[in-house]
Amino acid sequence: MTRYYVTTAINYPNGAPHIGHAYEAVATDWLARFARADGRDVRFLTGTDEHGLKIAQAARTAGLAPRAYVDRMVEAFVTMADRLAISRDRFIRTTDPDHARAAQALWQRMADAGDLYLDRYAGWYSVRDEAFYGEGETTLQADGTRLAPTGTPVAWLEEESWFFRLSRFQQPLLDLYARQPDFVQPASRLNEMRAFVEMGLRDLSVSRTSFDWGVPVPGSPGHVMYVWVDALANYLTGAGFPDAGCDRWWPADLHVIGKDVVRFHAVYWPAFLMSAGLPLPRRVFGHGFILNRGEKMSKSAGNVVEPVALADRYGVDSFRYFLLRSIAFGQDGEWSHEAIATRINAELANDLGNLAQRTLSMIARAGGRVPARGEAGPAEMALMEKAQTLLSHCREAHAAVRPDLALDAIFALVAATNLYVSERAPWSLRKTDPAAADTVLWHAAEAIRRIAILLVPAMPERMARLLDLLAIPEDRRNFIALDCELRSGVELPSPVGLFPRVETDQPERVTSQPV
RNA sequence: GGCGGGGUAGCUCAGUUGGUGAGAGCGCAGGAUUCAUAACCCUGAGGUCGCGGGUUCAAAUCCCGCCCCCGCUACCA
């Protein structure tokens, strides 16, 4: 039994969760559930990144203390995780007490390694924004003053800061990419990271004195850890670091992240860990964004959609299926109500739902028990052959972090089973050769059983219903039990529809209100 | 500007050691069927494979030039 520690990025709760958060959570949940069903020892971590200047500012605007503010904002993320059936083992918050301990332990290790030093951080600072901006972000006015992207004036300011000797790690990182080309996926992201590192690395400012909403730097009053040392350390916290036994989970097998934070996970994070003398995660996968009508969602564009609303409208499992199936994981994808409805109707209602319904209702009419298996002919052998090779295809897709390909393979069997039933026409055989009709229904039901088990990670609730309809015991719903064939004579419950068709006529907009 | 990826049927895409007549799903049209959620099954519609050259007996697949799109090019996360 191999262990599998998988994480999402932690989310910054300065707004409501959007479909992108849901996408990453559902995809990672599929990975975790798949590994569990496959008998692996799984730990699945997700959570929120709650420190930093922006949170502090937002809290002040809201008239709340930072802690009270994040307590309120995090609720929506927990609600979303619950509603989308995200089977996390822990929802970590960077304000959790054990996280500060882990982050400080990581810091101390980097300090002990001699990779942290005190210097001055200088940049264009906006007093009104209380933020530094890169020179490229600022604009020089005709009168010689310089403005931040927010339109506020900036001034050159220097601040005492701890620095991390990132420059030391250029070659070790390049070695890592060469030795382990799948450390960053998709491969195009690795290329980008390699190019970035090859340009040379500057040391990184990793503490701040201009605000205090963060993890205190050990032994350095007035400094809080800045940005990514704090955030990235959550993966260690989730493994139990720095306590003994954390090597049960660390290093992580996979960090699932958005393509926008690949650099932090593929450059800074391994550098921090190398400095600290800790093992590196095995793999970082940067997925794409989900766009609506070709535009990235943003609050100002008014096209932010609440994922929970979509789950309510289409059903949790149908929504999960859409997210997993319709986007090649790693690429950007599009969503629309029409696309969701089409996917649900064509694949869940017409193909899978109808296959289950037609098969189970014929069985119900023939006595309501799993029919006799009978003698398999060429058609049955061919169908079973396809069904039996499916697991290995799905495992490949799982290893490649491609839920879309796994579902593609599973639905190929759905199609093959529909074709099998149509060609064998058990409704006709019933009149001439009842035993042959039973044989067809048994094999169709057996294929459905395997399909349902393999679809549990994607659609846990609906597939549990389907497996109920096949009277499969709870302990026979994992991949280890895939070869436990349907047993003839077992009484089955009355079939019920699983995936009703969705109306596509007048898609109402499901839009969030500004928070 | 530099580096990297991509432009294939209405839509989303698959298709590189160059070679049977260029594919899948969705959508559309027709047919068949009636077990089933007006579902399943069959058939079809034909797209200059971004543009222009070149190599070759033969190129979507190799080479050159051009056009367009996207990603990365460090401290907002």
# chains A, B, ... in the order shown; residues from 1 in each chain; ligands from 1
$ select_by_dssp --residues "segment 113-356 of chain A" --states "helix (DSSP H, G or I)" --output "PyMOL selection string"
chain A and resi 135-137+166-179+187-198+228-232+234-237+246-248+259-276+307-314+316-325+337-356
$ interface_residues --of "chain B" --to "chain A" --cutoff "8 Å" --atoms "only C-alpha atoms (C1' of nucleotides)" --output "list in words"
C3, G4, G5, C26, C35, A36, U37, A39, C40, C41, C72, U73, C75 and A77 of chain B
$ residues_around --residues "segment 396-408 of chain A" --least-positions-apart "4" --cutoff "10 Å" --atoms "only C-alpha atoms (C1' of nucleotides)" --output "MDAnalysis selection string"
chainID A and resid 27:28 30:32 34:35 182 185:186 254 256 285 287 321:330 390:392 412:414 451 454:455 457:458
$ residues_around --residues "Cys484 of chain A" --least-positions-apart "2" --cutoff "10 Å" --atoms "only C-alpha atoms (C1' of nucleotides)" --output "PyMOL selection string"
chain A and resi 446+449-450+472+476-477+479-482+486-487
$ residues_around --residues "segment 17-24 of chain B" --least-positions-apart "6" --cutoff "7 Å" --atoms "only C-alpha atoms (C1' of nucleotides)" --output "NGL selection string"
:B and (58-59 or 61)
$ residues_around --residues "G44 of chain B" --least-positions-apart "4" --cutoff "12 Å" --atoms "only C-alpha atoms (C1' of nucleotides)" --output "JSON, numbers by chain"
{"B": [28, 29, 30, 31]}
